[in-house]
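**Q** Below is the structure I would like to discuss, written out as structure tokens.
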Amino acid sequence: MKNRIFRSLAIAVLLFAVIPAFAQLPEKLAQFGNISGIKKLEVSQRMENPFKEKYVMFFEQPIDHSNPAKGTFKQRVVVAVADYNAPTVIITEGYGGAYGLNPRYREEVSKLFNTNMVLVEHRYFLESVPFMQDDTTITPETLNWDYMTAKNEAADLHNVNQTLRKVFTGKWIATGISKGGQTTMFYTAYYPEDLDVSVPYVGPLCKGVEDGRHEPFLAEYAGTPEDREILKAFQVEFLKRRETIRPMFEKLSAEKNYTYKISMDAVYDYCVLEFPFAFWQWGMKTSTVPDPKTATDEQMFNYLVRTSGPDYFAEGGDSAPFFVQAAKELGYYGYDTKPFKGLLTIKDAEGYLNKLFVPQSQTFKFDKYLYKKIKKFLAKTDSKMMFIYGQFDPWSAVMPVAPVKNEELKKKGKGRQTMKLYIEPNGSHRARISTLPEPMKQEAIATLKEWLEL
């Protein structure tokens with residue numbers, strides 16, 4: 001038995017060894033039994049340092065990594081080759097990955113250092129949904145959501161890494177944006193040995209389904225006092241014009257076939273409550289807000305719809321898997337209804353996530369285990385991690401690292417040297433390395449270069 005195992009291993013090693021160095025990626029991947037459906041993708045030659053090859057494929061993944069007997073599903077992965085010996089960026093997507101098929105797409109860190117790129121679509125999104133791949137009668141309403149967990153998503157990434165690192169021999173960098181930034185943190189915490197560097201962008205870490213830190217952030221910190229007063233005045237006036245503006249909501253909903261789990265008046269209320277969060281998240285300017293004293297109903301309506309429209313609260317969107325996971329373990333934000341007492345039709349906004357967004361009649365109980373795990377990991381890890389945030393992004397209210405550096409420890413060469421935090425002044429959820437002020441940007445790039453030893 002031992003001799004047969006040894007011969008099998010020897011043959012596998014030999015097969016890998018005899019693959020020519022100049023072979024294209026499909027030839028290199030042919031030795032692995034967990035990859036299927038490889039298709040070549042177009043690469044734009046208009047990019048700086050265009051990829052040499054690019055493919056989309058599917059990885060066979062356990063539905064439940066702790067119990068493989070539950071079956072498997074196919075997870076969509078996009079792989080782009082710059083140089084097989086160069087570093088590899090693995091994009092820990094938190095949602096669907098269809099954008100990776102675009103011939104011109106290249107992730108920021110990959111572009112900065114001309115690395116290989118591996119984009120992993122998150123389980124339960126688009127082409128990577130367990131169960132639904134084999135049963136067309138299953139819908140988001142009847143889907144089994146038990147396996148939509150950070151532990152499973154991290155294990156998905158680990159499997160992709162363990163396979164592809166046999167082909168891409170350089171260092172590995174995990175990065176993601178927003179929910180993808182959360183996924184970067186989770187992957188690093190569960191499998192730190194997989195990675196040499198992690199770069200989570202604007203990733204929150206919430207401690208509750210309605211965390212409680214976003215509301216004071218918006219009320220007391222985002223923008224200037226004058227900015228915050230402009231937004232509040234807009235909200236108050238919008239609520240006062242309910243009778244004349246609500247028909248516009250009804251017309252838009254009919255035209256777009258929007259349906260809701262709540263009344264139109266409640267939708268109206270929630271759009272107004274969501275307004276400042278969306279405004280600061282996407283980095284809008286108060287100079288663009290219509291003046292409530294002179295603006296027409298149509299101007300008010302159009303501006304709010306562009307900022308926090310009713311489509312966000314409509315049923316049947318592609319974000320259902322996110323809301324399920326938010327209700328279970330990621331957490332979310334709440335709304336402060338007190339400033340609008342007497343103007344809202346809803347009594348309060350407590351429990352709105354389960355009430356409005358999860359694609360089932362049942363609710364999910366939030367478990368704080370993930371918040372505790374990541375906080376504990378970040379407090380002790382020696383992993384090289386670079387966090388990027390925008391100053392006024394509401395998600396920065398729940399950043400997992402302290403925003404104040406201990407300069408005394410830094411001068412003495414003590415303290416955490418493997419964790420870097422960069423906050424774009426006045427920045428939003430669009431904060432990236434490229435949007436940082438030039439000195440900060442150059443420092444971040446130099447740090448990554450040092451970590452990658454380029």
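Residues in the structure tokens are numbered from 1 in each chain, the chains being A, B, ... in the order shown, and ligands are numbered from 1 in the order shown.
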From range 96-235 of chain A, collect each residue whose DSSP state is strand (DSSP E) and return the set as a PyMOL selection string.
**A** chain A and resi 116-120+172-177+197-201
**Q** Now that the selection is made, can you save its residues with C-alpha atoms as an mmCIF file, in the first residue's frame?
**A**
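Output (selection.cif):
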data_model
loop_
_atom_site.group_PDB
_atom_site.id
_atom_site.type_symbol
_atom_site.label_atom_id
_atom_site.label_comp_id
_atom_site.auth_asym_id
_atom_site.auth_seq_id
_atom_site.Cartn_x
_atom_site.Cartn_y
_atom_site.Cartn_z
ATOM 1 C CA ASN A 116 -0.645 37.975 -11.677
ATOM 2 C CA MET A 117 -4.301 38.324 -10.710
ATOM 3 C CA VAL A 118 -6.791 35.790 -9.356
ATOM 4 C CA LEU A 119 -10.369 37.002 -8.828
ATOM 5 C CA VAL A 120 -12.571 34.655 -6.780
ATOM 6 C CA TRP A 172 0.687 36.137 -2.591
ATOM 7 C CA ILE A 173 -1.256 39.304 -1.768
ATOM 8 C CA ALA A 174 -4.924 39.249 -0.725
ATOM 9 C CA THR A 175 -7.012 42.326 -1.389
ATOM 10 C CA GLY A 176 -10.668 43.294 -1.613
ATOM 11 C CA ILE A 177 -12.977 46.301 -1.434
ATOM 12 C CA VAL A 197 0.588 40.673 2.343
ATOM 13 C CA SER A 198 -3.060 41.710 2.833
ATOM 14 C CA VAL A 199 -4.618 44.989 1.638
ATOM 15 C CA PRO A 200 -8.245 45.381 2.775
ATOM 16 C CA TYR A 201 -9.916 48.496 1.366
#
**Q** So that I can see what lies close to range 289-302 of chain A, please list as a compact mmCIF listing (two decimals) with N, CA and C atoms, in the first residue's frame the residues with an atom at most 8 Å from it, counting only C-alpha atoms and leaving out residues fewer than 2 positions away in the same chain.
**A**
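Result written to out-v9.txt:
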# COMPACT_ATOMS: atom_id res chain seq x y z
N ILE A 230 -27.12 71.07 6.39
CA ILE A 230 -27.69 71.08 5.03
C ILE A 230 -28.41 69.77 4.75
N LEU A 231 -27.79 68.65 5.12
CA LEU A 231 -28.40 67.35 4.86
C LEU A 231 -29.67 67.16 5.69
N ALA A 233 -31.64 69.50 6.87
CA ALA A 233 -32.70 70.38 6.35
C ALA A 233 -33.36 69.77 5.12
N PHE A 234 -32.55 69.14 4.28
CA PHE A 234 -33.10 68.47 3.09
C PHE A 234 -34.02 67.32 3.51
N GLU A 237 -37.36 68.70 5.01
CA GLU A 237 -38.24 69.25 3.98
C GLU A 237 -38.83 68.14 3.11
N PHE A 238 -38.04 67.13 2.83
CA PHE A 238 -38.52 66.02 2.02
C PHE A 238 -39.68 65.31 2.73
N ARG A 241 -42.90 67.24 2.51
CA ARG A 241 -43.53 67.25 1.19
C ARG A 241 -44.07 65.88 0.79
N THR A 244 -47.03 65.46 -1.83
CA THR A 244 -46.81 65.84 -3.24
C THR A 244 -45.70 65.02 -3.89
N ILE A 245 -44.77 64.52 -3.10
CA ILE A 245 -43.66 63.75 -3.69
C ILE A 245 -43.94 62.24 -3.73
N MET A 248 -44.64 60.47 -6.96
CA MET A 248 -43.47 60.24 -7.82
C MET A 248 -42.82 58.91 -7.47
N LYS A 285 -21.05 66.08 -2.58
CA LYS A 285 -20.76 67.43 -2.08
C LYS A 285 -22.06 68.14 -1.71
N THR A 286 -22.05 68.81 -0.57
CA THR A 286 -23.27 69.51 -0.13
C THR A 286 -23.62 70.67 -1.06
N SER A 287 -22.66 71.13 -1.85
CA SER A 287 -22.96 72.20 -2.81
C SER A 287 -23.93 71.73 -3.90
N LEU A 304 -32.82 62.92 -4.38
CA LEU A 304 -32.87 61.83 -3.41
C LEU A 304 -32.77 60.48 -4.12
N VAL A 305 -33.45 60.32 -5.25
CA VAL A 305 -33.41 59.05 -5.98
C VAL A 305 -31.99 58.74 -6.45
N ARG A 306 -31.25 59.76 -6.87
CA ARG A 306 -29.86 59.54 -7.29
C ARG A 306 -28.98 59.15 -6.11
**Q** What is the distance, in Å and to one decimal place, between CA of Gly97 in chain A and CA of Phe387 in chain A?
**A**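 So the answer is 22.0 Å.
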**Q** Taking the DSSP secondary structure from the backbone, can you list the residues of range 195-352 of chain A that are alpha helix (DSSP H), as a PyMOL selection string?
**A** chain A and resi 214-220+225-240+242-256+264-281+297-308+320-325+352
**Q** Would you pick out the contacts of Arg123 in chain A at 7 Å or less, using only C-alpha atoms, so that residues sharing its chain but fewer than 6 positions from it are not included, and give the list as number ranges by chain?
**A** A: 75, 129, 153
**Q** Given only C-alpha atoms as the basis, pick out the residue of A:Phe392, A:Tyr312, A:Tyr303, A:Phe323 nearest to Gln360 in chain A.
**A**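 Looking only at the distances to Gln360 in chain A, the closest residue turns out to be A:Phe323.
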**Q** Could you tell me how far CA of Ala150 in chain A sits from CA of Ala327 in chain A, in Å to one decimal place?
**A**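 Interatomic distance here is 12.7 Å.
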**Q** Counting only C-alpha atoms, figure out which residue out of A:Thr184, A:Asn159, A:Thr149, A:Asn85 gets nearest to Tyr369 in chain A.
**A** A:Thr149
**Q** Set the distance at 12 Å and use only C-alpha atoms: which residues neighbour Asp336 in chain A once local chain neighbours fewer than 3 positions away are removed? I'd like the list as a ChimeraX atom specification.
**A** /A:210,212-219,232,269-270,272-277,333,339-341,344,347-350
**Q** Could you list, as a list in words, every residue within 12 Å of Gln45 in chain A, counting only C-alpha atoms and ignoring same-chain residues fewer than 4 positions away?
**A**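 Counting only the stated atoms, we get Asn49, Pro50, Phe51, Lys52, Glu53, Pro103, Arg104 and Tyr105 of chain A.
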**Q** For the residues selected in the previous step, produce a file with N, CA and C atoms as a PDB file, in the first residue's frame.
**A**
ATOM      1  N   ASN A  49       1.231  47.470 -19.392  1.00  0.00           N
ATOM      2  CA  ASN A  49       1.642  46.109 -19.024  1.00  0.00           C
ATOM      3  C   ASN A  49       0.464  45.129 -19.102  1.00  0.00           C
ATOM      4  N   PRO A  50      -0.103  44.920 -20.276  1.00  0.00           N
ATOM      5  CA  PRO A  50      -1.249  44.006 -20.386  1.00  0.00           C
ATOM      6  C   PRO A  50      -0.869  42.592 -19.983  1.00  0.00           C
ATOM      7  N   PHE A  51      -1.849  41.850 -19.469  1.00  0.00           N
ATOM      8  CA  PHE A  51      -1.616  40.458 -19.103  1.00  0.00           C
ATOM      9  C   PHE A  51      -1.237  39.653 -20.343  1.00  0.00           C
ATOM     10  N   LYS A  52      -0.445  38.604 -20.148  1.00  0.00           N
ATOM     11  CA  LYS A  52      -0.069  37.715 -21.250  1.00  0.00           C
ATOM     12  C   LYS A  52      -1.187  36.733 -21.572  1.00  0.00           C
ATOM     13  N   GLU A  53      -1.919  36.314 -20.524  1.00  0.00           N
ATOM     14  CA  GLU A  53      -3.027  35.379 -20.691  1.00  0.00           C
ATOM     15  C   GLU A  53      -4.101  35.725 -19.659  1.00  0.00           C
ATOM     16  N   PRO A 103     -12.139  43.058 -20.499  1.00  0.00           N
ATOM     17  CA  PRO A 103     -10.758  42.992 -21.003  1.00  0.00           C
ATOM     18  C   PRO A 103      -9.820  44.019 -20.388  1.00  0.00           C
ATOM     19  N   ARG A 104     -10.378  45.133 -19.911  1.00  0.00           N
ATOM     20  CA  ARG A 104      -9.517  46.209 -19.391  1.00  0.00           C
ATOM     21  C   ARG A 104      -9.392  46.202 -17.870  1.00  0.00           C
ATOM     22  N   TYR A 105     -10.074  45.257 -17.201  1.00  0.00           N
ATOM     23  CA  TYR A 105     -10.047  45.295 -15.735  1.00  0.00           C
ATOM     24  C   TYR A 105      -8.688  44.859 -15.193  1.00  0.00           C
TER      25      TYR A 105
END
